[in-house]
Amino acid sequence: MREIPAKASAEGRSDDPSGGPGAEAAHQAGDVRWQKAGDTAWQTSPPGSLYDYVRVASFSLGPDGLVDQWSSRAEELFGVPAEQAVGRDPLESFVPAGHRADGQRKMAEILDGREWTGTVPFHLPSSGQHPGGLEGVAEVYLMPTRTEDGRRGAVCIVVDVRALRRIETDLAASQAIFGQSPFGFLLFDTALRVRRVNRRFAAVFGGDAEEHRGHTVHDYLPRPEADRLAAALRRVLETGESATDMQFVGPVPGSAERRHWSLNLYRVHSGSGAPIGVAGLGTDVTSRHAAAREAAHARRNLALLNEASARIGNSLDLETTARELLDVAVPGFCDIASVDLFQGLLKGDETPPGRSGQWEDTASGTGSAPLRRVAFASAVADVPFGPEPVEVGAVHRYPFASPCADALRTARSRQLPADGGLIRSTLAVPMVAHDTVIGLAQFARTKGSEPFGERDRALASELAARAAVCIDNARLYRREHERALILQRSLLPPGAPEAAGLDIACRYLPGNAATEVGGDWFDVIELPGHRTALVIGDVMGRGLRAAVAMGELRTAVRTLALLDLEPAEVLSALDEIARGLGTPGGIPQATLPRARRRTGGGTPASGATDADLSEVYLATCVYAVYDPVTRRCTFANAGHLPPVLVEPGESALMLDVPPGMPLGVGGEPFEEVEVEIAEGSLLALYTDGLVESRDHPLDEGLQAFLGTLTEPARPLEDVCDHVLGSLYTRHGEDDVALLMARMQGLAQNSVGDWTLPREPVSVGRARELSRDQLAAWDLESLADTTELLVSELVTNALRYGEGDIRLRLLLDSTLVCEVWDAGLVQPRRRRARDTDEGGRGLQLVGLLSAAWGSRRTPHGKTVWFELALPKSGEGPADPTEALLSLF
């Protein structure tokens with residue numbers, strides 16, 4: 001710090017060291033302090049003096065025109081130390097040769113006592129400080145002086161013109177910032193008070209630029225924001241680290257709108273490098289914030305829609321889909337939400353709920369059709385929603401004049417007025433799918449959240465529309481699923497099947513809504529001779545097609561069973577039928593081209609090929625025939641899982657039945673296996689859904705199934721329940737079919753079996769044996785009819801058959817009579833003419849019996865008839881009418 005002696009004026013002095021008017025004036029004048037020492041006041045100038053920016057130097061010339069004094073400022077300006085400059089001619093040392101003549105004339109005039117002011121170019125030779133030399137222009141002020149002995153000299157004051165030009169440029173730039181800049185500019189002093197603002201800042205905050213001098217940040221911003229800015233100013237002033245893009249929010253005078261500013265702060269230094277304050281450059285970024293907010297809303301909406309696409313519609317359940325919508329909306333879009341669906345839609349009504357039957361008598365004020373609240377979600381606890389809160393699962397109506405009813409009626413969203421409580425804004429959005437209103441979604445925001453705008457309404461409509469399509473798809477799928485399930489159940493045996501010599505229990509579990517209806521089936525078919533066919537199968541595939549294919553195969557099995565074919569023959573015929581299921585006209589694919597050639601047919605008019613029109617249907621099946629008389633069971637398998645047999649006192653085992661190829665593949669014969677089964681044994685037929693799932697491999701499931709059959713003596717219904725309860729059958733990946741049978745067989749006293757020679761007397765012997773056996777069974781009421789029919793069958797065997805004749809009577813729920821012989825020719829019923837003497841025997845059998853027929857055997861044929869047992873208190877049927885009808 002330089003100390004320059006000067007006289008202090010009375011008005012600039014202040015005796016109050018703590019402040020007062022004098023201190024304030026000093027502050028306004030540049031923070032100049034005064035120190036008193038006797039009668040002389042010494043002024044102390046802090047950093048920031050003009051001489052820190054303008055390079056001023058001085059030196060003096062003696063009477064001889066040589067330098068006799070050289071100041072330290074001259075050393076800084078010219079870079080020449082005093083010991084080298086003193087005693088030298090300044091013209092010869094610093095002035096270029098071309099200007100020396102003019103300089104010498106001016107020097108002579110000055111030494112004659114004349115002042116001179118002007119600009120002089122100067123040049124310094126190369127030196128250690130200036131290796132390439134130094135050139136410049138200096139503004140010189142020469143003033144004549146006199147020495148003590150009266151001789152003339154001169155004092156020279158030199159100013160660097162380049163520094164002046166820089167100051168001029170800086171001033172112009174400063175004026176541009178303060179007068180022309182579109183950005184707000186503030187200059188704070190070290191006390192964090194405003195020293196200066198530009199016109200832009202004053203235009204925003206009002207008043208003239210000078211009126212802002214001395215203000216603080218608390219005069220412009222709310223207290224929290226002002227405190228934050230003051231702390232930032234203090235930090236920049238102390239550390240010198242700039243602060244960029246600081247965001248502040250506050251109002252402006254005359255407007256309640258909240259404005260956003262971006263402020264950049266940096267410390268300002270004097271020419272000597274000392275900090276003198278902080279400068280701030282502010283920009284109004286309100287529009288940028290608004291655009292950013294709009295972009296953020298758009299991004300949020302897109303993210304919400306993407307989330308909705310990923311999370312809504314993952315289930316084919318209506319209620320689950322509605323809950324998925326609320327999981328997306330709360331709390332990302334709103335605070336409270338609910339979904340109401342038309343009750344008719346949930347009940348499966350065929351009438352689209354949004355087209356007819358939706359509105360009832362408006363005069364009575366009933367309003368909308370019944371709706372059920374299927375989902376509700378809230379991010380705020382204990383907030384009532386709606387004038388009358390509705391519980392989930394409750395059925396309700398909206399009044400006709402209510403906004404919700406209007407939204408349902410017009411299929412347009414409506415904004416509900418605030419309820420005066422915590423609910424601030426509510427949207428009622430109709431759920432529309434395929435131009436049909438299926439329900440209503442409500443979204444609400446509580447106080448503290450922004451009210452819904454037009455963009456929010458559009459987003460809510462989009463969310464509701466997506467959920468509505470998924471819900472409608474789930475509704476349609478549920479309807480188709482229920483239809484397929486009804487079809488499938490209608491094709492299964494009704495109730496508990498009954499069969500001679502068997503106790504039967506069965507279970508069927510459909511797959512869930514996600515896996516659709518499958519093609520699993522089972523059947524119990526009564527065959528002649530009190531035999532029973534046990535069938536179980538699985539059509540590969542899902543849905544209505546599989547259920548229909550299963551129905552066709554089941555019908556075919558029952559038809560083939562009536563022909564009393566062997567199990568292998570039944571599966572071979574089923575294989576042909578399965579190969580023709582997916583082809584035009586039901587013709588097997590292997591024979592389709594040949595059939596086309598025979599009929600002269602070509603490709604369809606539409607241009608579709610055979611491959612386009614055909615579908616491959618594959619199925620697995622086990623067909624077993626149990627004879628309760630011999631207690632033997634014959635199995636044939638078409639690619640199905642092996643049957644399981646549990647004999648008394650033994651562990652469960654899988655029967656070794658050759659699996660064969662699935663039905664529909666063709667080309668391979670099926671094998672039969674005959675197994676003798678002990679009385680009381682348990683036979684189990686099942687489908688793969690019982691023993692296989694995604695998480696449980698087949699081998700593991702089979703072993704678990706065998707492990708559940710440890711108590712086969714329990715009632716069959718209990719055994720079935722135990723099996724289903726022990727195994728993992730709730731996976732919902734496939735249907736489950738289980739058929740269990742306990743082999744009881746027919747008691748020996750329920751069977752009459754005789755062999756008769758091939759003689760005419762055997763007819764009378766057969767009648768006698770039949771009457772005696774019926775008497776032993778206490779069925780004398782059937783004796784006459786039985787004798788008559790047995791006589792007819794034995795007579796036919798004698799006339800048209802071969803070998804010995806075998807007569808067998810079987811008693812169970814009905815009476816069965818069988819006549820065996822070695823002939824291969826099957827009897828054929830025909831209608832005799834009035835003039836014919838014979839040909840009425842089989843007609844008589846058909847009229848008097850409940851059923852009759854014939855079947856091939858390994859050694860010939862068997863002709864049989866069946867009679868119903870008389871009911872308690874009823875007499876035998878009178879065969880007179882039947883006999884008379886023959887004539």
# chains A, B, ... in the order shown; residues from 1 in each chain; ligands from 1
$ closest_atom_pairs --of "range 634-711 of chain A" --to "range 558-577 of chain A" --cutoff "12 Å" --atoms "only C-alpha atoms" --output "tab-separated table"
residue	atom	partner	partner_atom	distance
A:Thr634	CA	A:Pro567	CA	7.2
A:Phe635	CA	A:Pro567	CA	6.6
A:Ala636	CA	A:Pro567	CA	5.6
A:Asn637	CA	A:Leu571	CA	7.9
A:Ala638	CA	A:Leu571	CA	7.1
A:Gly639	CA	A:Leu571	CA	10.8
A:His640	CA	A:Leu571	CA	11.9
A:Val657	CA	A:Ala568	CA	11.9
A:Pro658	CA	A:Ala568	CA	11.2
A:Pro659	CA	A:Ala568	CA	11.6
A:Gly660	CA	A:Leu571	CA	10.0
A:Met661	CA	A:Asp575	CA	9.3
A:Pro662	CA	A:Asp575	CA	7.9
A:Leu663	CA	A:Asp575	CA	4.5
A:Gly664	CA	A:Asp575	CA	5.1
A:Val665	CA	A:Asp575	CA	7.2
A:Gly666	CA	A:Asp575	CA	6.2
A:Gly667	CA	A:Asp575	CA	9.2
A:Glu668	CA	A:Ser572	CA	8.6
A:Pro669	CA	A:Ser572	CA	6.9
A:Phe670	CA	A:Ala568	CA	5.3
A:Glu671	CA	A:Ala568	CA	6.0
A:Glu672	CA	A:Ala568	CA	6.0
A:Val673	CA	A:Pro567	CA	9.5
A:Glu674	CA	A:Pro567	CA	10.4
$ residues_around --residues "range 440-454 of chain A" --least-positions-apart "3" --cutoff "8 Å" --atoms "only C-alpha atoms" --output "number ranges by chain"
A: 334-341, 404, 408, 422-431, 457-458, 460, 464
$ residues_around --residues "Leu815 in chain A" --least-positions-apart "2" --cutoff "7 Å" --atoms "only C-alpha atoms" --output "list in words"
Leu810, Leu811, Asp812, Cys817, Glu866, Leu867, Ala868 and Leu869 of chain A
$ residues_around --residues "range 248-252 of chain A" --least-positions-apart "6" --cutoff "10 Å" --atoms "only C-alpha atoms" --output "MDAnalysis selection string"
chainID A and resid 204:206 220:226 228:229 258:263 282 284:286
$ residues_around --residues "Asn306 in chain A" --least-positions-apart "4" --cutoff "12 Å" --atoms "only C-alpha atoms" --output "list in words"
Arg299, Arg300, Asn301, Leu302, Ala310, Arg311, Ile312, Val328, Leu459, Glu462, Leu463 and Arg466 of chain A
$ residues_around --residues "range 641-647 of chain A" --least-positions-apart "5" --cutoff "6 Å" --atoms "only C-alpha atoms" --output "JSON, numbers by chain"
{"A": [652, 653, 654, 655, 681, 682, 683, 684, 685]}
$ select_by_dssp --residues "range 368-549 of chain A" --states "strand (DSSP E)" --output "PyMOL selection string"
chain A and resi 371-378+395-396+414-416+423-433+436-446+502-509+519-527+531-539
$ residues_around --residues "Arg631 in chain A" --least-positions-apart "6" --cutoff "9 Å" --atoms "only C-alpha atoms" --output "PyMOL selection string"
chain A and resi 501+675-679+743-746
$ write_last_selection --atoms "C-alpha atoms" --output "compact mmCIF listing (two decimals), in the first residue's frame"
# COMPACT_ATOMS: atom_id res chain seq x y z
CA GLY A 501 -67.73 -107.16 -10.93
CA VAL A 675 -53.35 -110.20 -17.35
CA GLU A 676 -55.02 -112.32 -14.70
CA ILE A 677 -56.04 -110.07 -11.85
CA ALA A 678 -56.69 -111.29 -8.33
CA GLU A 679 -59.95 -110.40 -6.66
CA MET A 743 -61.76 -105.95 -9.35
CA GLN A 744 -64.41 -107.98 -7.58
CA GLY A 745 -65.38 -110.55 -10.21
CA LEU A 746 -68.58 -112.58 -10.31
$ closest_residue --among "A:Arg412, A:Arg105, A:Arg200, A:Arg507" --to "Leu738 in chain A" --atoms "only C-alpha atoms"
A:Arg507
$ atom_distance --atom1 "CA of Arg632 in chain A" --atom2 "CA of Asn749 in chain A"
18.3 Å
$ atom_distance --atom1 "CA of Phe705 in chain A" --atom2 "CA of Tyr686 in chain A"
10.1 Å
